[in-house]
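A.B. asks: Just final.pdb, nothing more (PDB, C-alpha atoms):
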```pdb
MODEL        1
ATOM      1  CA  MET H   1     164.965 -54.386 103.394
ATOM      2  CA  ALA H   2     162.027 -52.135 102.515
ATOM      3  CA  ASP H   3     161.733 -48.830 104.325
ATOM      4  CA  LEU H   4     159.039 -49.195 106.997
ATOM      5  CA  ASP H   5     158.362 -45.459 106.757
ATOM      6  CA  SER H   6     158.068 -45.309 102.942
ATOM      7  CA  LEU H   7     154.392 -44.550 103.490
ATOM      8  CA  GLU H   8     153.229 -42.258 106.275
ATOM      9  CA  PRO H   9     153.213 -44.433 109.433
ATOM     10  CA  THR H  10     149.834 -43.143 110.641
ATOM     11  CA  LEU H  11     146.110 -43.604 110.068
ATOM     12  CA  GLN H  12     145.744 -40.035 108.853
ATOM     13  CA  ASN H  13     144.882 -41.431 105.399
ATOM     14  CA  ILE H  14     141.633 -42.824 106.853
ATOM     15  CA  LEU H  15     140.682 -39.467 108.349
ATOM     16  CA  ASP H  16     141.429 -37.758 105.024
ATOM     17  CA  GLN H  17     139.284 -40.168 102.974
ATOM     18  CA  GLU H  18     135.903 -38.509 103.421
ATOM     19  CA  SER H  19     134.067 -41.086 101.295
ATOM     20  CA  LEU H  20     134.704 -43.908 103.810
ATOM     21  CA  ARG H  21     131.552 -45.147 105.556
ATOM     22  CA  TRP H  22     132.528 -48.621 106.852
ATOM     23  CA  ILE H  23     135.777 -49.190 108.758
ATOM     24  CA  PHE H  24     136.568 -52.618 110.200
ATOM     25  CA  VAL H  25     139.230 -53.106 112.867
ATOM     26  CA  GLY H  26     140.353 -56.684 113.451
ATOM     27  CA  GLY H  27     143.119 -59.133 114.251
ATOM     28  CA  LYS H  28     144.175 -61.935 116.565
ATOM     29  CA  GLY H  29     142.750 -61.933 120.103
ATOM     30  CA  GLY H  30     144.605 -59.860 122.688
ATOM     31  CA  VAL H  31     146.465 -57.523 120.331
ATOM     32  CA  GLY H  32     144.593 -54.325 121.204
ATOM     33  CA  LYS H  33     141.768 -54.232 118.641
ATOM     34  CA  THR H  34     139.355 -52.532 121.016
ATOM     35  CA  THR H  35     141.833 -49.855 122.073
ATOM     36  CA  THR H  36     142.653 -49.226 118.429
ATOM     37  CA  SER H  37     139.024 -49.063 117.273
ATOM     38  CA  CYS H  38     138.018 -46.748 120.129
ATOM     39  CA  SER H  39     141.028 -44.539 119.436
ATOM     40  CA  LEU H  40     140.322 -44.437 115.708
ATOM     41  CA  ALA H  41     136.652 -43.611 116.334
ATOM     42  CA  THR H  42     137.777 -40.819 118.665
ATOM     43  CA  GLN H  43     139.954 -39.312 115.935
ATOM     44  CA  LEU H  44     137.235 -39.709 113.308
ATOM     45  CA  ALA H  45     134.802 -37.847 115.555
ATOM     46  CA  LYS H  46     137.027 -34.783 115.124
ATOM     47  CA  VAL H  47     136.557 -34.679 111.358
ATOM     48  CA  ARG H  48     133.153 -36.333 110.783
ATOM     49  CA  GLU H  49     129.661 -35.121 111.575
ATOM     50  CA  SER H  50     128.756 -38.305 113.457
ATOM     51  CA  VAL H  51     130.537 -41.604 114.162
ATOM     52  CA  LEU H  52     129.116 -44.919 115.404
ATOM     53  CA  LEU H  53     131.366 -47.545 117.022
ATOM     54  CA  ILE H  54     129.929 -51.081 116.966
ATOM     55  CA  SER H  55     131.377 -54.014 118.878
ATOM     56  CA  THR H  56     130.559 -57.336 117.201
ATOM     57  CA  ASP H  57     132.481 -59.533 119.648
ATOM     58  CA  PRO H  58     129.977 -61.626 121.662
ATOM     59  CA  ALA H  59     132.698 -62.781 124.076
ATOM     60  CA  THR H  60     133.519 -59.387 125.545
ATOM     61  CA  THR H  61     132.044 -56.053 126.548
ATOM     62  CA  CYS H  62     134.543 -54.140 124.472
ATOM     63  CA  PRO H  63     133.622 -50.430 124.589
ATOM     64  CA  VAL H  64     132.579 -50.869 128.233
ATOM     65  CA  ASN H  65     136.122 -51.808 129.206
ATOM     66  CA  ALA H  66     137.703 -49.101 127.045
ATOM     67  CA  PHE H  67     135.486 -46.084 127.697
ATOM     68  CA  GLY H  68     134.454 -47.119 131.208
ATOM     69  CA  GLN H  69     130.804 -46.752 130.202
ATOM     70  CA  LYS H  70     128.064 -49.346 129.727
ATOM     71  CA  PHE H  71     126.526 -49.697 126.271
ATOM     72  CA  SER H  72     123.609 -51.719 124.896
ATOM     73  CA  LYS H  73     122.263 -52.881 121.546
ATOM     74  CA  ASN H  74     121.043 -49.332 120.915
ATOM     75  CA  PRO H  75     123.483 -46.499 120.068
ATOM     76  CA  GLU H  76     124.392 -44.324 123.051
ATOM     77  CA  LEU H  77     126.465 -41.157 123.191
ATOM     78  CA  VAL H  78     129.984 -41.687 124.536
ATOM     79  CA  ASN H  79     130.708 -39.521 127.576
ATOM     80  CA  GLY H  80     132.831 -36.488 126.750
ATOM     81  CA  HIS H  81     131.750 -36.463 123.099
ATOM     82  CA  SER H  82     128.977 -34.737 121.182
ATOM     83  CA  ASN H  83     129.037 -36.843 118.002
ATOM     84  CA  LEU H  84     130.561 -40.243 118.923
ATOM     85  CA  TYR H  85     128.136 -43.090 119.667
ATOM     86  CA  ALA H  86     128.709 -46.720 120.617
ATOM     87  CA  MET H  87     126.668 -49.915 120.738
ATOM     88  CA  GLU H  88     127.266 -53.628 121.331
ATOM     89  CA  ILE H  89     125.741 -56.421 119.295
ATOM     90  CA  ASP H  90     126.043 -60.185 119.211
ATOM     91  CA  PRO H  91     125.643 -61.280 115.568
ATOM     92  CA  THR H  92     124.572 -64.716 116.825
ATOM     93  CA  GLY H  93     122.344 -63.481 119.627
ATOM     94  CA  SER H  94     119.422 -61.829 117.863
ATOM     95  CA  ILE H  95     118.281 -64.973 116.073
ATOM     96  CA  GLN H  96     115.928 -66.118 118.840
ATOM     97  CA  GLU H  97     114.417 -62.638 119.033
ATOM     98  CA  MET H  98     113.886 -62.683 115.275
ATOM     99  CA  LEU H  99     112.166 -66.064 115.459
ATOM    100  CA  GLU H 100     109.872 -64.868 118.239
ATOM    101  CA  ASN H 101     108.964 -61.790 116.197
ATOM    102  CA  GLY H 102     108.135 -64.051 113.271
ATOM    103  CA  LYS H 103     105.884 -66.242 115.391
ATOM    104  CA  SER H 104     104.054 -63.270 116.867
ATOM    105  CA  LEU H 105     102.798 -62.372 113.406
ATOM    106  CA  HIS H 106     100.628 -65.484 113.359
ATOM    107  CA  THR H 107      97.428 -65.559 115.379
ATOM    108  CA  SER H 108      96.548 -69.155 114.558
ATOM    109  CA  THR H 109      98.134 -71.855 116.682
ATOM    110  CA  HIS H 110      98.149 -74.217 113.688
ATOM    111  CA  ASP H 111      99.687 -71.574 111.405
ATOM    112  CA  SER H 112     102.286 -70.808 114.032
ATOM    113  CA  GLY H 113     103.181 -74.494 114.331
ATOM    114  CA  MET H 114     103.682 -74.901 110.600
ATOM    115  CA  GLN H 115     105.595 -71.646 110.368
ATOM    116  CA  SER H 116     107.815 -72.802 113.211
ATOM    117  CA  GLN H 117     108.591 -76.013 111.352
ATOM    118  CA  LEU H 118     109.495 -74.079 108.215
ATOM    119  CA  GLN H 119     111.774 -71.791 110.210
ATOM    120  CA  ASP H 120     113.408 -74.751 111.940
ATOM    121  CA  MET H 121     114.127 -76.229 108.531
ATOM    122  CA  ALA H 122     115.548 -72.924 107.323
ATOM    123  CA  PHE H 123     117.893 -72.508 110.261
ATOM    124  CA  ALA H 124     119.085 -76.112 110.045
ATOM    125  CA  ILE H 125     121.305 -74.945 107.156
ATOM    126  CA  PRO H 126     124.831 -74.453 108.647
ATOM    127  CA  GLY H 127     125.678 -70.817 109.277
ATOM    128  CA  VAL H 128     122.348 -69.371 108.165
ATOM    129  CA  ASP H 129     121.365 -68.330 111.703
ATOM    130  CA  GLU H 130     124.425 -66.092 112.022
ATOM    131  CA  ALA H 131     123.956 -64.819 108.483
ATOM    132  CA  MET H 132     120.337 -63.857 109.150
ATOM    133  CA  SER H 133     121.294 -62.164 112.380
ATOM    134  CA  PHE H 134     124.036 -60.272 110.575
ATOM    135  CA  ALA H 135     121.500 -59.168 107.973
ATOM    136  CA  GLU H 136     119.174 -57.938 110.737
ATOM    137  CA  VAL H 137     122.052 -55.946 112.219
ATOM    138  CA  MET H 138     122.967 -54.446 108.856
ATOM    139  CA  LYS H 139     119.314 -53.555 108.251
ATOM    140  CA  LEU H 140     119.350 -51.660 111.559
ATOM    141  CA  VAL H 141     122.668 -49.963 110.827
ATOM    142  CA  LYS H 142     121.606 -48.937 107.314
ATOM    143  CA  SER H 143     118.602 -47.133 108.758
ATOM    144  CA  MET H 144     120.851 -45.038 111.007
ATOM    145  CA  ASP H 145     122.162 -41.713 109.807
ATOM    146  CA  TYR H 146     125.859 -41.806 110.728
ATOM    147  CA  SER H 147     128.560 -40.445 108.477
ATOM    148  CA  CYS H 148     130.973 -43.220 109.452
ATOM    149  CA  ILE H 149     130.665 -46.601 111.195
ATOM    150  CA  VAL H 150     133.608 -48.348 112.897
ATOM    151  CA  PHE H 151     133.335 -52.088 113.592
ATOM    152  CA  ASP H 152     135.345 -53.428 116.529
ATOM    153  CA  THR H 153     135.337 -57.042 115.384
ATOM    154  CA  ALA H 154     135.880 -60.342 117.169
ATOM    155  CA  PRO H 155     139.126 -62.334 116.680
ATOM    156  CA  THR H 156     140.208 -63.249 113.157
ATOM    157  CA  GLY H 157     138.223 -66.452 112.561
ATOM    158  CA  HIS H 158     134.919 -64.916 113.658
ATOM    159  CA  THR H 159     135.572 -61.808 111.553
ATOM    160  CA  LEU H 160     136.280 -63.791 108.401
ATOM    161  CA  ARG H 161     133.078 -65.796 108.948
ATOM    162  CA  PHE H 162     131.264 -62.490 109.551
ATOM    163  CA  LEU H 163     132.365 -61.310 106.095
ATOM    164  CA  SER H 164     131.398 -64.595 104.390
ATOM    165  CA  PHE H 165     127.714 -64.375 105.373
ATOM    166  CA  PRO H 166     126.473 -63.103 101.967
ATOM    167  CA  THR H 167     127.629 -66.388 100.389
ATOM    168  CA  VAL H 168     125.932 -68.374 103.171
ATOM    169  CA  LEU H 169     122.627 -66.592 102.558
ATOM    170  CA  ASP H 170     122.800 -67.198  98.811
ATOM    171  CA  LYS H 171     123.353 -70.911  99.404
ATOM    172  CA  ALA H 172     120.507 -71.038 101.929
ATOM    173  CA  LEU H 173     118.086 -69.399  99.528
ATOM    174  CA  GLY H 174     119.144 -71.741  96.738
ATOM    175  CA  LYS H 175     118.511 -74.799  98.912
ATOM    176  CA  PHE H 176     115.172 -73.490 100.073
ATOM    177  CA  ALA H 177     114.045 -72.757  96.539
ATOM    178  CA  GLN H 178     114.738 -76.397  95.663
ATOM    179  CA  LEU H 179     113.052 -77.614  98.846
ATOM    180  CA  GLY H 180     110.000 -75.464  98.240
ATOM    181  CA  SER H 181     109.531 -76.713  94.678
ATOM    182  CA  ARG H 182     109.752 -80.343  95.787
ATOM    183  CA  LEU H 183     107.827 -80.290  99.047
ATOM    184  CA  GLY H 184     105.553 -77.323  98.520
ATOM    185  CA  PRO H 185     102.571 -79.189  96.992
ATOM    186  CA  MET H 186     102.771 -81.952  99.596
ATOM    187  CA  MET H 187     102.937 -79.451 102.473
ATOM    188  CA  GLN H 188      99.962 -77.542 101.044
ATOM    189  CA  GLN H 189      97.962 -80.771 100.793
ATOM    190  CA  MET H 190      98.884 -81.893 104.326
ATOM    191  CA  GLY H 191      98.170 -78.442 105.655
ATOM    192  CA  GLY H 192      94.728 -78.469 104.067
ATOM    193  CA  MET H 193      93.920 -81.870 105.544
ATOM    194  CA  MET H 194      94.961 -80.678 109.020
ATOM    195  CA  GLY H 195      93.227 -77.321 108.795
ATOM    196  CA  MET H 196      96.474 -75.341 108.569
ATOM    197  CA  ASP H 197      97.532 -72.540 106.260
ATOM    198  CA  PRO H 198     101.302 -72.960 105.762
ATOM    199  CA  ASN H 199     102.305 -69.560 104.428
ATOM    200  CA  GLN H 200     105.599 -70.459 102.807
ATOM    201  CA  GLU H 201     105.836 -67.042 101.218
ATOM    202  CA  ASP H 202     106.410 -65.524 104.649
ATOM    203  CA  ILE H 203     109.672 -67.299 105.429
ATOM    204  CA  PHE H 204     110.822 -67.062 101.791
ATOM    205  CA  GLY H 205     109.986 -63.370 101.804
ATOM    206  CA  ARG H 206     111.997 -62.803 104.952
ATOM    207  CA  LEU H 207     114.980 -64.642 103.486
ATOM    208  CA  GLU H 208     114.767 -62.708 100.226
ATOM    209  CA  SER H 209     114.473 -59.419 102.106
ATOM    210  CA  MET H 210     117.545 -60.205 104.156
ATOM    211  CA  ARG H 211     119.374 -61.294 101.032
ATOM    212  CA  SER H 212     118.768 -57.997  99.221
ATOM    213  CA  ILE H 213     119.957 -56.005 102.235
ATOM    214  CA  ILE H 214     123.112 -57.998 102.730
ATOM    215  CA  GLN H 215     123.934 -57.930  99.005
ATOM    216  CA  GLU H 216     123.637 -54.161  98.970
ATOM    217  CA  VAL H 217     125.883 -53.871 102.019
ATOM    218  CA  ASN H 218     128.329 -56.384 100.569
ATOM    219  CA  THR H 219     128.613 -54.285  97.415
ATOM    220  CA  GLN H 220     129.615 -51.336  99.579
ATOM    221  CA  PHE H 221     132.064 -53.508 101.542
ATOM    222  CA  GLN H 222     133.845 -54.306  98.262
ATOM    223  CA  ASP H 223     134.104 -50.627  97.294
ATOM    224  CA  PRO H 224     137.481 -49.218  98.486
ATOM    225  CA  ASP H 225     136.004 -45.720  98.415
ATOM    226  CA  LYS H 226     133.463 -46.743 101.063
ATOM    227  CA  THR H 227     135.126 -49.524 103.066
ATOM    228  CA  THR H 228     138.532 -50.386 104.484
ATOM    229  CA  PHE H 229     139.880 -52.874 107.009
ATOM    230  CA  VAL H 230     142.514 -51.934 109.593
ATOM    231  CA  CYS H 231     144.626 -54.909 110.690
ATOM    232  CA  VAL H 232     145.876 -54.888 114.275
ATOM    233  CA  CYS H 233     148.740 -57.077 115.460
ATOM    234  CA  ILE H 234     151.707 -57.310 117.797
ATOM    235  CA  SER H 235     155.279 -57.958 116.716
ATOM    236  CA  GLU H 236     155.287 -61.719 117.304
ATOM    237  CA  PHE H 237     155.197 -64.750 115.004
ATOM    238  CA  LEU H 238     151.636 -65.976 115.654
ATOM    239  CA  SER H 239     150.134 -62.505 115.369
ATOM    240  CA  LEU H 240     152.020 -61.815 112.142
ATOM    241  CA  TYR H 241     150.891 -65.192 110.783
ATOM    242  CA  GLU H 242     147.241 -64.393 111.605
ATOM    243  CA  THR H 243     147.608 -60.968 110.003
ATOM    244  CA  GLU H 244     148.925 -62.447 106.762
ATOM    245  CA  ARG H 245     146.104 -65.024 106.713
ATOM    246  CA  MET H 246     143.540 -62.304 107.290
ATOM    247  CA  ILE H 247     144.939 -60.038 104.567
ATOM    248  CA  GLN H 248     144.825 -62.909 102.074
ATOM    249  CA  GLU H 249     141.207 -63.673 103.030
ATOM    250  CA  LEU H 250     140.231 -60.001 102.800
ATOM    251  CA  THR H 251     141.785 -59.865  99.342
ATOM    252  CA  SER H 252     139.707 -62.895  98.320
ATOM    253  CA  PHE H 253     136.593 -61.051  99.565
ATOM    254  CA  HIS H 254     137.690 -57.962  97.570
ATOM    255  CA  ILE H 255     137.807 -55.852 100.727
ATOM    256  CA  ASP H 256     140.363 -53.050 100.834
ATOM    257  CA  THR H 257     143.104 -53.140 103.464
ATOM    258  CA  HIS H 258     146.202 -50.959 103.482
ATOM    259  CA  ASN H 259     146.737 -50.082 107.160
ATOM    260  CA  ILE H 260     148.403 -52.144 109.895
ATOM    261  CA  VAL H 261     148.652 -51.083 113.537
ATOM    262  CA  VAL H 262     151.453 -52.810 115.476
ATOM    263  CA  ASN H 263     150.740 -52.536 119.203
ATOM    264  CA  GLN H 264     152.692 -53.133 122.433
ATOM    265  CA  LEU H 265     156.138 -52.256 121.110
ATOM    266  CA  LEU H 266     158.971 -51.958 123.628
ATOM    267  CA  TYR H 267     161.500 -49.122 123.444
ATOM    268  CA  PRO H 268     164.048 -49.709 126.240
ATOM    269  CA  LYS H 269     165.879 -46.600 127.349
ATOM    270  CA  GLY H 270     169.556 -46.287 126.550
ATOM    271  CA  GLY H 271     171.714 -48.077 129.101
ATOM    272  CA  SER H 272     168.782 -50.201 130.315
ATOM    273  CA  ASN H 273     169.812 -53.356 132.184
ATOM    274  CA  CYS H 274     166.380 -55.004 131.894
ATOM    275  CA  GLU H 275     167.302 -58.244 130.162
ATOM    276  CA  GLN H 276     163.703 -59.212 129.417
ATOM    277  CA  CYS H 277     162.983 -55.798 127.880
ATOM    278  CA  LEU H 278     166.099 -55.941 125.694
ATOM    279  CA  VAL H 279     165.422 -59.510 124.522
ATOM    280  CA  ARG H 280     161.797 -58.801 123.642
ATOM    281  CA  ALA H 281     162.680 -55.519 121.931
ATOM    282  CA  LYS H 282     165.220 -57.415 119.774
ATOM    283  CA  MET H 283     162.580 -60.048 118.923
ATOM    284  CA  GLN H 284     160.041 -57.360 118.041
ATOM    285  CA  ALA H 285     162.595 -55.598 115.828
ATOM    286  CA  LYS H 286     163.057 -58.848 113.859
ATOM    287  CA  TYR H 287     159.332 -59.119 113.139
ATOM    288  CA  LEU H 288     159.088 -55.401 112.354
ATOM    289  CA  GLU H 289     161.631 -56.038 109.612
ATOM    290  CA  GLN H 290     159.455 -58.822 108.259
ATOM    291  CA  ILE H 291     156.419 -56.537 108.335
ATOM    292  CA  ALA H 292     158.431 -53.952 106.393
ATOM    293  CA  GLU H 293     159.318 -56.509 103.729
ATOM    294  CA  LEU H 294     155.828 -58.011 103.439
ATOM    295  CA  TYR H 295     153.781 -54.811 103.568
ATOM    296  CA  GLU H 296     155.841 -52.085 101.939
ATOM    297  CA  ASP H 297     152.657 -50.722 100.324
ATOM    298  CA  PHE H 298     150.844 -50.450 103.702
ATOM    299  CA  HIS H 299     150.688 -47.663 106.256
ATOM    300  CA  VAL H 300     152.321 -49.329 109.278
ATOM    301  CA  VAL H 301     151.603 -47.594 112.593
ATOM    302  CA  LYS H 302     153.919 -48.440 115.492
ATOM    303  CA  MET H 303     152.317 -48.031 118.928
ATOM    304  CA  PRO H 304     154.270 -48.326 122.206
ATOM    305  CA  LEU H 305     153.558 -50.533 125.190
ATOM    306  CA  LEU H 306     152.655 -48.128 127.984
ATOM    307  CA  THR H 307     153.033 -48.503 131.731
ATOM    308  CA  HIS H 308     149.325 -47.857 132.350
ATOM    309  CA  GLU H 309     145.979 -49.134 131.076
ATOM    310  CA  ILE H 310     144.335 -47.412 128.126
ATOM    311  CA  ARG H 311     140.966 -46.973 129.757
ATOM    312  CA  GLY H 312     138.645 -44.000 130.049
ATOM    313  CA  VAL H 313     137.643 -41.312 127.581
ATOM    314  CA  GLU H 314     140.490 -38.912 128.325
ATOM    315  CA  THR H 315     143.162 -41.627 128.261
ATOM    316  CA  ILE H 316     141.863 -42.856 124.903
ATOM    317  CA  LYS H 317     141.863 -39.307 123.537
ATOM    318  CA  THR H 318     145.529 -38.968 124.476
ATOM    319  CA  PHE H 319     146.483 -42.400 123.166
ATOM    320  CA  SER H 320     144.586 -41.834 119.909
ATOM    321  CA  GLU H 321     146.891 -38.963 118.999
ATOM    322  CA  MET H 322     149.637 -41.523 118.310
ATOM    323  CA  LEU H 323     147.517 -42.968 115.495
ATOM    324  CA  VAL H 324     147.863 -39.722 113.554
ATOM    325  CA  LYS H 325     151.209 -38.454 114.869
ATOM    326  CA  PRO H 326     154.044 -41.019 114.853
ATOM    327  CA  TYR H 327     155.304 -42.007 118.289
ATOM    328  CA  VAL H 328     158.835 -40.845 118.979
ATOM    329  CA  PRO H 329     160.650 -42.994 121.592
ATOM    330  CA  PRO H 330     162.554 -41.120 124.304
ATOM    331  CA  THR H 331     166.247 -40.786 123.555
ATOM    332  CA  ASN H 332     167.435 -41.416 127.095
TER     333      ASN H 332
ENDMDL
END
```
Transcribe the structure of this file into structure tokens.
C.D. replies:
Amino acid sequence: MADLDSLEPTLQNILDQESLRWIFVGGKGGVGKTTTSCSLATQLAKVRESVLLISTDPATTCPVNAFGQKFSKNPELVNGHSNLYAMEIDPTGSIQEMLENGKSLHTSTHDSGMQSQLQDMAFAIPGVDEAMSFAEVMKLVKSMDYSCIVFDTAPTGHTLRFLSFPTVLDKALGKFAQLGSRLGPMMQQMGGMMGMDPNQEDIFGRLESMRSIIQEVNTQFQDPDKTTFVCVCISEFLSLYETERMIQELTSFHIDTHNIVVNQLLYPKGGSNCEQCLVRAKMQAKYLEQIAELYEDFHVVKMPLLTHEIRGVETIKTFSEMLVKPYVPPTN
């Protein structure tokens, strides 16, 4: 069996890599991604000039539950910190707002109607609405001056789709280029007959603009000096299976990943007569061995299951120390 501690079992390597700008934290639902991302952001705030934590999970209010503070789609300073900010976004939620902004640019009712039809055709392409929204988010984030950005992502499937958006946009633009060449003259003729001015360049321009932004960001995502992905799991079969699937997908996207955080580990005290604790600890030990064999070239961080909630700034600060200093179970 490989030695689980052959590499330092902490996330100190992330803090030491000053070139990192994008850090994703993800895994199966319910494994402690939010606690881990908030804790990692807390530690990064100690060594970076400014850190932004972004929740991209539309199903939860992640930093709210962890820090005990309400956040919005605009960055807000986390209580108790001078350089740690947080914000919540829904990558699928800004699409309607973007459409409304597009329509407001047109003063003519006829122009607006034709533009609306073009946009409806654009967003009929599967996945392009999320991709465009993602591009809008990345455009916003790129304009912000933070030394490091931590993404608290949604469960595995959503995250992998999140990272596939550049391909979706390329396909959408390719289809629209074909559509424009075939239907463009006819639409111009019909528009002239009906007194409309169908400005196709507007929607194409917006797509091309989004495409250039997302391609630039994607290039950075594939640079291990700028981007890494922290996998979070628990020591159970399904979580380990999801972690392996995610690591394979990340590798196919050329995104660096070399850290795994294993949460909710049980360490029964010597002489404990808690049968459930002993059985689960034995099960967890079996999967920890598998993790050691599969990921001998990863930093594997083992985090204990505590008897209290990890909620509130001070509690997170305390918990986050175990990400950089290995947890030592009590001996008695």
A.B. asks: Might you spell out which residues the PyMOL selection byres ((chain H and resi 25) around 7) would select in the displayed file, as number ranges by chain?
C.D. replies: H: 23-24, 26, 33, 37, 151-153, 229-231
A.B. asks: Using only C-alpha atoms, which residue out of H:Thr34, H:Asn74, H:Gln264, H:Thr243 lies closest to H:Leu294?
C.D. replies: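 Closest to H:Leu294 of all the choices is H:Thr243.
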A.B. asks: Name all residues at most 8 Å from H:Gly29 (count only C-alpha atoms; drop same-chain ones fewer than 2 positions away) and give them as a list in words.
C.D. replies: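 These residues fall inside the cut-off: Gly27, Val31, Gly32, Lys33, Ala154, Pro155 and Thr156 of chain H.
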A.B. asks: Take the PyMOL selection byres ((chain H and resi 247) around 10), run it mentally on this structure, and tell me the resulting residues as a ChimeraX atom specification.
C.D. replies: /H:27,229-231,242-246,248-253,255-258
A.B. asks: Edge lengths and centre, in Å to one decimal, as lines of an AutoDock Vina configuration file: that's what I need for the box along x, y and z that holds all listed atoms of stretch 149-153 of chain H plus 4 Å on each side.
C.D. replies:
```
center_x = 133.0
center_y = -51.8
center_z = 113.9
size_x = 12.7
size_y = 18.4
size_z = 13.3
```
A.B. asks: Where does the PyMOL selection byres ((chain H and resi 283) around 12) land in this file, that is, which residues does it pick, as a ChimeraX atom specification?
C.D. replies: /H:234-237,265-267,276-282,284-290
A.B. asks: Just give me the gap between atom CA of H:Val47 and atom CA of H:Lys73 in Å, one decimal is fine.
C.D. replies: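 So the two atoms, atom CA of H:Val47 and atom CA of H:Lys73, lie 25.3 Å apart.
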A.B. asks: What's the separation between atom CA of H:Ile14 and atom CA of H:Thr228, in Å to one decimal place?
C.D. replies: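 Answer for the atom CA of H:Ile14 to atom CA of H:Thr228 separation: 8.5 Å.
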A.B. asks: Which residues come within 10 Å of H:Ser19, counting all atoms listed in the file, excluding same-chain residues fewer than 6 positions away, as a list in words?
C.D. replies: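 Contacts, in chain order: Ser147, Cys148, Pro224, Asp225, Lys226 and Thr227 of chain H.
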A.B. asks: For H:Gly312, find every residue with an atom within 12 Å (counting only C-alpha atoms), except residues of its own chain fewer than 2 positions away, and show them as a JSON list (two decimals) with C-alpha atoms, in the frame of the given file.
C.D. replies:
```json
[["chain", "number", "residue", "atom", "x", "y", "z"],
["H", 35, "THR", "CA", 141.83, -49.86, 122.07],
["H", 38, "CYS", "CA", 138.02, -46.75, 120.13],
["H", 39, "SER", "CA", 141.03, -44.54, 119.44],
["H", 42, "THR", "CA", 137.78, -40.82, 118.66],
["H", 63, "PRO", "CA", 133.62, -50.43, 124.59],
["H", 64, "VAL", "CA", 132.58, -50.87, 128.23],
["H", 65, "ASN", "CA", 136.12, -51.81, 129.21],
["H", 66, "ALA", "CA", 137.70, -49.10, 127.04],
["H", 67, "PHE", "CA", 135.49, -46.08, 127.70],
["H", 68, "GLY", "CA", 134.45, -47.12, 131.21],
["H", 69, "GLN", "CA", 130.80, -46.75, 130.20],
["H", 70, "LYS", "CA", 128.06, -49.35, 129.73],
["H", 78, "VAL", "CA", 129.98, -41.69, 124.54],
["H", 79, "ASN", "CA", 130.71, -39.52, 127.58],
["H", 80, "GLY", "CA", 132.83, -36.49, 126.75],
["H", 308, "HIS", "CA", 149.32, -47.86, 132.35],
["H", 309, "GLU", "CA", 145.98, -49.13, 131.08],
["H", 310, "ILE", "CA", 144.34, -47.41, 128.13],
["H", 314, "GLU", "CA", 140.49, -38.91, 128.32],
["H", 315, "THR", "CA", 143.16, -41.63, 128.26],
["H", 316, "ILE", "CA", 141.86, -42.86, 124.90],
["H", 317, "LYS", "CA", 141.86, -39.31, 123.54],
["H", 318, "THR", "CA", 145.53, -38.97, 124.48],
["H", 319, "PHE", "CA", 146.48, -42.40, 123.17],
["H", 320, "SER", "CA", 144.59, -41.83, 119.91]]
```
A.B. asks: Go through H:Leu84, H:Val150, H:Leu11, H:Leu20 and flag the residue nearest H:Val313, using all atoms listed in the file for the distances.
C.D. replies: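 Looking only at the distances to H:Val313, the closest residue turns out to be H:Leu84.
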A.B. asks: For H:Val324, which residue out of H:Val301, H:Ile213, H:Met138, H:Met144 is the nearest one, using all atoms listed in the file?
C.D. replies: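 When distances to H:Val324 are compared using all atoms listed in the file, the smallest one comes from H:Val301.
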A.B. asks: So, with only C-alpha atoms as the atoms that count, which of H:Asp145, H:Pro75, H:Ala41, H:Leu53 lies closest to H:Glu321?
C.D. replies: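 Closest to H:Glu321 of all the choices is H:Ala41.
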A.B. asks: Counting all atoms listed in the file, which residue out of H:Val262, H:Val328, H:Ala45, H:Leu52 sits closest to H:Lys302?
C.D. replies: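 For H:Lys302, the nearest of the given residues is H:Val262.
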